[in-house]
file coords13.txt (compact mmCIF, C-alpha atoms)
# COMPACT_ATOMS: atom_id res chain seq x y z
CA ASN A 168 30.13 -41.84 71.41
CA MET A 169 26.70 -40.26 71.55
CA GLU A 170 25.68 -38.46 68.37
CA THR A 171 24.69 -34.86 68.79
CA PRO A 172 21.23 -33.71 67.62
CA GLU A 173 22.88 -31.88 64.70
CA GLU A 174 24.63 -35.08 63.57
CA LEU A 175 21.40 -37.09 63.81
CA VAL A 176 19.61 -34.51 61.60
CA ARG A 177 22.39 -34.60 59.03
CA ALA A 178 22.31 -38.43 59.04
CA VAL A 179 18.56 -38.47 58.38
CA LEU A 180 18.72 -35.86 55.67
CA SER A 181 21.68 -37.44 53.92
CA GLY A 182 19.38 -39.96 52.18
CA ILE A 183 17.10 -37.28 50.82
CA GLN A 184 17.85 -35.91 47.38
CA PRO A 185 17.93 -32.13 47.41
CA GLN A 186 15.14 -30.53 45.44
CA PRO A 187 16.22 -27.91 42.92
CA ARG A 188 15.25 -24.39 43.72
CA GLU A 189 12.89 -22.61 41.37
CA SER A 190 14.98 -20.52 39.08
CA THR A 191 14.16 -16.89 38.69
CA GLN A 192 15.90 -16.89 35.31
CA PRO A 193 13.79 -17.36 32.17
CA SER A 194 13.93 -20.76 30.56
CA LYS A 195 15.77 -21.33 27.31
CA GLN A 196 12.42 -21.41 25.56
CA GLU A 197 11.52 -18.03 27.02
CA GLU A 198 14.87 -16.61 25.99
CA LYS A 199 14.23 -17.30 22.30
CA PRO A 200 13.45 -14.09 20.43
CA SER A 201 9.98 -13.74 19.02
CA PRO A 202 9.65 -14.19 15.25
CA LYS A 203 10.58 -11.05 13.35
CA LEU A 204 7.72 -9.22 11.71
CA GLU A 205 9.83 -6.91 9.55
CA PRO A 206 9.84 -9.06 6.39
CA ARG A 207 6.07 -9.47 6.54
CA LEU A 208 5.57 -5.76 7.13
CA GLU A 209 7.94 -4.93 4.29
CA ALA A 210 6.03 -7.22 1.94
CA PHE A 211 2.74 -5.63 2.97
CA GLN A 212 4.08 -2.13 2.41
CA ALA A 213 5.55 -3.12 -0.95
CA GLU A 214 2.19 -4.48 -2.07
CA SER A 215 0.50 -1.27 -0.93
CA LEU A 216 2.78 0.85 -3.12
CA GLY A 217 2.71 -1.49 -6.11
CA GLY A 218 5.84 -3.56 -5.58
CA MET A 219 9.22 -3.83 -3.90
CA ARG A 220 10.83 -1.47 -6.41
CA ALA A 221 8.36 1.24 -5.47
CA LEU A 222 8.96 0.71 -1.76
CA LYS A 223 12.75 0.72 -2.07
CA THR A 224 13.42 3.34 -4.73
CA TYR A 225 10.34 5.50 -5.39
CA THR A 226 11.25 8.10 -2.79
CA ALA A 227 11.44 11.88 -2.89
CA GLU A 228 15.21 11.71 -2.35
CA LEU A 229 15.69 9.59 -5.47
CA PHE A 230 13.33 11.52 -7.72
CA LYS A 231 15.19 13.63 -10.30
CA SER A 232 13.07 16.72 -10.64
CA ASN A 233 13.28 19.35 -13.35
CA GLY A 234 11.30 22.41 -14.36
CA THR A 235 8.45 20.35 -15.77
CA THR A 236 8.09 18.00 -12.83
CA LYS A 237 8.67 20.44 -9.96
CA ALA A 238 5.01 21.43 -9.61
CA ALA A 239 3.94 17.77 -9.64
CA LEU A 240 6.62 16.85 -7.09
CA ASP A 241 5.52 19.69 -4.79
CA ALA A 242 1.90 18.51 -5.09
CA CYS A 243 2.88 14.94 -4.24
CA LEU A 244 4.99 16.03 -1.27
CA GLY A 245 2.06 18.06 0.03
CA PHE A 246 -0.55 15.43 -0.80
CA ASP A 247 -3.36 15.27 1.74
CA ALA A 248 -5.58 12.21 1.30
CA GLY A 249 -8.38 13.99 3.12
CA LYS A 250 -8.83 16.59 0.39
CA HIS A 251 -6.46 16.13 -2.56
CA ASN A 252 -6.72 14.07 -5.76
CA LEU A 253 -4.00 13.91 -8.43
CA TYR A 254 -3.93 13.07 -12.13
CA LEU A 255 -0.34 12.65 -13.37
CA HIS A 256 0.11 12.12 -17.10
CA GLY A 257 3.06 11.92 -19.44
CA PRO A 258 5.10 9.50 -21.55
CA CYS A 259 6.65 6.27 -20.31
CA GLY A 260 9.59 6.88 -18.03
CA SER A 261 8.59 10.41 -17.06
CA GLY A 262 8.27 9.52 -13.37
CA LYS A 263 4.51 9.17 -12.96
CA SER A 264 4.56 5.99 -10.86
CA HIS A 265 7.49 7.33 -8.85
CA LEU A 266 5.56 10.51 -8.03
CA ALA A 267 2.42 8.54 -7.15
CA ALA A 268 4.42 6.44 -4.68
CA ILE A 269 5.89 9.60 -3.14
CA ALA A 270 2.38 10.92 -2.53
CA ALA A 271 1.06 7.64 -1.14
CA ARG A 272 4.02 6.46 0.94
CA LYS A 273 3.54 9.06 3.66
CA TYR A 274 0.53 7.01 4.73
CA LEU A 275 2.52 3.81 5.29
CA GLY A 276 2.05 2.89 8.93
CA SER A 277 -1.01 5.11 9.32
CA PRO A 278 -4.56 3.84 9.85
CA GLN A 279 -5.40 4.77 6.27
CA LYS A 280 -5.15 1.84 3.91
CA ILE A 281 -3.21 2.22 0.66
CA MET A 282 -4.09 0.30 -2.49
CA THR A 283 -2.14 0.48 -5.76
CA LEU A 284 -3.78 -1.17 -8.75
CA SER A 285 -3.12 -1.32 -12.44
CA PRO A 286 -6.27 -1.40 -14.59
CA MET A 287 -5.65 -5.06 -15.43
CA LYS A 288 -5.34 -5.97 -11.75
CA LEU A 289 -8.54 -4.07 -11.01
CA TYR A 290 -10.49 -5.82 -13.77
CA ARG A 291 -9.00 -9.24 -12.95
CA GLY A 292 -10.03 -8.88 -9.31
CA LEU A 293 -13.58 -8.13 -10.35
CA ARG A 294 -13.74 -11.06 -12.78
CA GLU A 295 -12.58 -13.40 -10.02
CA CYS A 296 -15.51 -12.46 -7.78
CA ASP A 297 -18.10 -15.15 -7.21
CA GLY A 298 -21.49 -13.60 -7.70
CA ALA A 299 -23.05 -10.13 -7.76
CA TYR A 300 -22.68 -9.54 -4.01
CA ALA A 301 -18.94 -10.27 -4.10
CA GLU A 302 -18.58 -7.95 -7.09
CA ARG A 303 -20.32 -5.12 -5.24
CA GLU A 304 -18.14 -5.62 -2.17
CA TYR A 305 -14.99 -5.66 -4.28
CA ILE A 306 -15.89 -2.43 -6.06
CA LYS A 307 -16.79 -0.88 -2.72
CA SER A 308 -13.47 -1.89 -1.13
CA VAL A 309 -11.53 -0.39 -4.03
CA SER A 310 -13.65 2.72 -4.46
CA LEU A 311 -13.64 3.66 -0.77
CA CYS A 312 -10.00 2.85 -0.04
CA PRO A 313 -8.60 5.94 1.74
CA VAL A 314 -5.55 6.13 -0.56
CA LEU A 315 -6.17 4.62 -3.99
CA VAL A 316 -3.54 4.67 -6.74
CA LEU A 317 -4.73 3.71 -10.22
CA ASP A 318 -1.47 3.25 -12.09
CA ASP A 319 -1.37 3.49 -15.89
CA LEU A 320 -5.03 4.22 -16.49
CA GLY A 321 -5.90 3.90 -20.17
CA ALA A 322 -3.19 1.34 -20.88
CA ALA A 323 -5.49 -1.69 -20.85
CA LYS A 324 -7.49 -2.81 -23.84
CA ASP A 325 -10.84 -1.07 -23.79
CA SER A 326 -14.09 -2.96 -23.56
CA GLU A 327 -17.55 -2.21 -22.25
CA PHE A 328 -16.59 -4.12 -19.11
CA SER A 329 -13.36 -2.18 -18.46
CA ILE A 330 -14.93 1.21 -19.18
CA ALA A 331 -17.92 0.46 -16.95
CA THR A 332 -15.66 -0.73 -14.11
CA THR A 333 -13.43 2.34 -14.33
CA LEU A 334 -16.43 4.66 -14.40
CA GLU A 335 -18.02 2.95 -11.39
CA VAL A 336 -14.86 3.30 -9.28
CA ILE A 337 -14.34 6.95 -10.27
CA HIS A 338 -18.02 7.78 -9.76
CA GLU A 339 -18.08 6.21 -6.28
CA ARG A 340 -15.10 8.31 -5.20
CA TYR A 341 -16.53 11.40 -6.89
CA MET A 342 -19.74 11.03 -4.88
CA ASN A 343 -18.37 9.84 -1.54
CA LEU A 344 -14.76 10.87 -0.90
CA PRO A 345 -13.17 14.32 -1.07
CA GLY A 346 -9.63 13.05 -1.65
CA GLY A 347 -7.14 10.20 -1.64
CA LEU A 348 -7.20 9.34 -5.37
CA ILE A 349 -3.96 9.30 -7.39
CA ILE A 350 -4.05 8.40 -11.08
CA THR A 351 -1.18 7.99 -13.51
CA SER A 352 -1.64 7.73 -17.25
CA ASN A 353 0.17 8.11 -20.56
CA LEU A 354 -2.87 10.11 -21.69
CA GLY A 355 -4.14 13.56 -20.91
CA LEU A 356 -7.82 13.82 -20.00
CA ASP A 357 -8.91 14.74 -23.52
CA ALA A 358 -6.97 11.82 -24.99
CA LEU A 359 -8.36 9.51 -22.30
CA SER A 360 -11.92 10.48 -23.27
CA GLU A 361 -11.15 9.81 -26.91
CA LYS A 362 -9.57 6.43 -26.18
CA LEU A 363 -12.42 5.29 -23.95
CA GLY A 364 -15.05 6.71 -26.28
CA ASP A 365 -16.70 8.09 -23.16
CA GLU A 366 -16.34 11.53 -21.58
CA ARG A 367 -17.80 10.66 -18.20
CA VAL A 368 -14.55 9.45 -16.60
CA SER A 369 -12.58 12.52 -17.68
CA SER A 370 -15.46 14.82 -16.78
CA ARG A 371 -15.43 13.64 -13.17
CA LEU A 372 -11.65 13.61 -12.91
CA VAL A 373 -11.21 17.16 -14.15
CA GLN A 374 -13.57 18.35 -11.39
CA ILE A 375 -11.77 16.68 -8.50
CA CYS A 376 -8.11 16.29 -9.53
CA GLY A 377 -5.07 18.48 -9.70
CA VAL A 378 -3.82 17.68 -13.22
CA PHE A 379 -0.07 17.62 -13.95
CA ASN A 380 1.49 17.14 -17.37
CA LEU A 381 4.95 15.55 -17.26
CA SER A 382 5.42 15.43 -21.02
CA GLY A 383 8.40 17.75 -20.92
CA SER A 384 10.40 15.57 -18.54
CA GLU A 385 13.18 13.22 -19.54
CA ASP A 386 12.84 9.46 -19.77
CA TRP A 387 14.79 8.55 -16.65
CA ARG A 388 14.54 4.82 -17.36
CA GLY A 389 16.32 5.28 -20.66
CA LYS A 390 18.89 7.55 -19.05
call {"tool": "encode", "arguments": {"input": "coords13.txt", "output": "C-alpha cells"}}
result
Amino acid sequence: NMETPEELVRAVLSGIQPQPRESTQPSKQEEKPSPKLEPRLEAFQAESLGGMRALKTYTAELFKSNGTTKAALDACLGFDAGKHNLYLHGPCGSGKSHLAAIAARKYLGSPQKIMTLSPMKLYRGLRECDGAYAEREYIKSVSLCPVLVLDDLGAAKDSEFSIATTLEVIHERYMNLPGGLIITSNLGLDALSEKLGDERVSSRLVQICGVFNLSGSEDWRGK
C-alpha cells in the first residue's frame, strides 16, 4: 500500500520531541508575594514617636481628658508643625508624652520627618559623634527636624555640656523654624530655669511655645 502524504509527514514527525509552548502564566517564582514592608514601616513609625507603646496606645481615642487637660488636648489635636510649638509640663503620669505623640502622629506618612528624643538620647548621640564636623551635622539634623519632640526635658543630670547642647538646639529652632517643636517636662519654665541655672532656654521657649500645665490631672499610670 502506498502511504499518503499525510502519513509520510506524521511518520517523519513522530521521531521529533514536541517543544513545549511558552506559557503565558507567571512562573512559580513570579507568583511569590513580595516581602512585606509593614513590620519595617511599623518599627520606623514607632521609633519616630518614641517607641512601640507610643505608636500603639498614645492616641487621641485612648487619652482620658479632664478639665485640666482639655486645653492641651485641643492644642495637640490642632497642632500645625508649620507654626505651632508646645510646652507640656506636669507631674509623672499626667499624660505629657501621650499628648506629645497625639500632636506628632498626624505627620506619620507625611514628608515631614518626626524625631522623638529624651535628653539622654540627645546628649548620647552628640557624644558618639566623631569630630567637630559630625557634631555640627548632628545638632543641625536634630534642630531642623520638621517635627521634634523633646521628651522629659530637665530630667537628665545637669552639666555644662547638657545645658549647652539643649540651648543650642532650642536656639537653632528659635532662629530658623516657626513651629514643629513639642517639649514635655516635669518642670514649669520658671522651675526649668532654676534647675538649669540658666534663663536662656526658658526665655526662648516662652516666646515661641504654647505652654500647658497638666498639674491638676490624675496620674493615669497609677490608676
call {"tool": "residues_around", "arguments": {"input": "coords13.txt", "residues": "Ala221 in chain A", "least_positions_apart": "4", "cutoff": "9 Å", "atoms": "all atoms listed in the file", "output": "ChimeraX atom specification"}}
result
/A:213,216-217,225-226,264-265,268
call {"tool": "closest_atom_pairs", "arguments": {"input": "coords13.txt", "of": "range 315-344 of chain A", "to": "range 296-306 of chain A", "cutoff": "9 Å", "atoms": "only C-alpha atoms", "output": "CSV"}}
result
residue,atom,partner,partner_atom,distance
A:Thr332,CA,A:Ile306,CA,8.2
A:Glu335,CA,A:Ile306,CA,7.9
A:Val336,CA,A:Ile306,CA,6.7
A:Glu339,CA,A:Ile306,CA,8.9
call {"tool": "write_last_selection", "arguments": {"input": "coords13.txt", "atoms": "C-alpha atoms", "output": "tab-separated table (two decimals), keeping the file's coordinate frame"}}
result
chain	number	residue	atom	x	y	z
A	332	THR	CA	-15.66	-0.73	-14.11
A	335	GLU	CA	-18.02	2.95	-11.39
A	336	VAL	CA	-14.86	3.30	-9.28
A	339	GLU	CA	-18.08	6.21	-6.28
call {"tool": "residues_around", "arguments": {"input": "coords13.txt", "residues": "Tyr254 in chain A", "least_positions_apart": "6", "cutoff": "6 Å", "atoms": "all atoms listed in the file", "output": "ChimeraX atom specification"}}
result
/A:350-351,376,378
call {"tool": "residues_around", "arguments": {"input": "coords13.txt", "residues": "Gly377 in chain A", "least_positions_apart": "2", "cutoff": "8 Å", "atoms": "only C-alpha atoms", "output": "list in words"}}
result
His251, Asn252, Leu253, Tyr254, Val373, Ile375 and Phe379 of chain A
call {"tool": "closest_atom_pairs", "arguments": {"input": "coords13.txt", "of": "range 189-283 of chain A", "to": "range 309-317 of chain A", "cutoff": "7 Å", "atoms": "all atoms listed in the file", "output": "JSON lines"}}
result
{"residue": "A:Ala248", "atom": "CA", "partner": "A:Val314", "partner_atom": "CA", "distance": 6.4}
{"residue": "A:Ala271", "atom": "CA", "partner": "A:Val314", "partner_atom": "CA", "distance": 6.8}
{"residue": "A:Gln279", "atom": "CA", "partner": "A:Pro313", "partner_atom": "CA", "distance": 5.7}
{"residue": "A:Lys280", "atom": "CA", "partner": "A:Pro313", "partner_atom": "CA", "distance": 5.8}
{"residue": "A:Ile281", "atom": "CA", "partner": "A:Val314", "partner_atom": "CA", "distance": 4.7}
{"residue": "A:Met282", "atom": "CA", "partner": "A:Leu315", "partner_atom": "CA", "distance": 5.0}
{"residue": "A:Thr283", "atom": "CA", "partner": "A:Val316", "partner_atom": "CA", "distance": 4.5}
call {"tool": "residues_around", "arguments": {"input": "coords13.txt", "residues": "Ser369 in chain A", "least_positions_apart": "3", "cutoff": "10 Å", "atoms": "only C-alpha atoms", "output": "ChimeraX atom specification"}}
result
/A:334,337,355-361,363,365-366,372-374
call {"tool": "atom_distance", "arguments": {"input": "coords13.txt", "atom1": "CA of Lys263 in chain A", "atom2": "CA of Ser352 in chain A"}}
result
7.6 Å
call {"tool": "atom_distance", "arguments": {"input": "coords13.txt", "atom1": "CA of Glu214 in chain A", "atom2": "CA of Arg272 in chain A"}}
result
11.5 Å
call {"tool": "residues_around", "arguments": {"input": "coords13.txt", "residues": "Glu209 in chain A", "least_positions_apart": "4", "cutoff": "12 Å", "atoms": "all atoms listed in the file", "output": "JSON, numbers by chain"}}
result
{"A": [203, 204, 205, 213, 214, 215, 216, 218, 219, 220, 221, 222, 223, 275, 276]}
call {"tool": "residues_near_point", "arguments": {"input": "coords13.txt", "point": "(-5.0, -0.9, -13.1)", "cutoff": "9 Å", "atoms": "all atoms listed in the file", "output": "PDB file with C-alpha atoms, keeping the file's coordinate frame"}}
result
ATOM      1  CA  THR A 283      -2.140   0.480  -5.760  1.00  0.00           C
ATOM      2  CA  LEU A 284      -3.780  -1.170  -8.750  1.00  0.00           C
ATOM      3  CA  SER A 285      -3.120  -1.320 -12.440  1.00  0.00           C
ATOM      4  CA  PRO A 286      -6.270  -1.400 -14.590  1.00  0.00           C
ATOM      5  CA  MET A 287      -5.650  -5.060 -15.430  1.00  0.00           C
ATOM      6  CA  LYS A 288      -5.340  -5.970 -11.750  1.00  0.00           C
ATOM      7  CA  LEU A 289      -8.540  -4.070 -11.010  1.00  0.00           C
ATOM      8  CA  TYR A 290     -10.490  -5.820 -13.770  1.00  0.00           C
ATOM      9  CA  VAL A 316      -3.540   4.670  -6.740  1.00  0.00           C
ATOM     10  CA  LEU A 317      -4.730   3.710 -10.220  1.00  0.00           C
ATOM     11  CA  ASP A 318      -1.470   3.250 -12.090  1.00  0.00           C
ATOM     12  CA  ASP A 319      -1.370   3.490 -15.890  1.00  0.00           C
ATOM     13  CA  LEU A 320      -5.030   4.220 -16.490  1.00  0.00           C
ATOM     14  CA  GLY A 321      -5.900   3.900 -20.170  1.00  0.00           C
ATOM     15  CA  ALA A 322      -3.190   1.340 -20.880  1.00  0.00           C
ATOM     16  CA  ALA A 323      -5.490  -1.690 -20.850  1.00  0.00           C
TER      17      ALA A 323
END
call {"tool": "atom_distance", "arguments": {"input": "coords13.txt", "atom1": "CA of Gly257 in chain A", "atom2": "CA of Ile349 in chain A"}}
result
14.2 Å
call {"tool": "closest_residue", "arguments": {"input": "coords13.txt", "among": "A:Ser277, A:Ser261, A:Thr235, A:Ser329", "to": "Gly292 in chain A", "atoms": "only C-alpha atoms"}}
result
A:Ser329
call {"tool": "closest_residue", "arguments": {"input": "coords13.txt", "among": "A:Leu229, A:Ala238, A:Leu293, A:Ile330", "to": "Ile269 in chain A", "atoms": "all atoms listed in the file"}}
result
A:Leu229
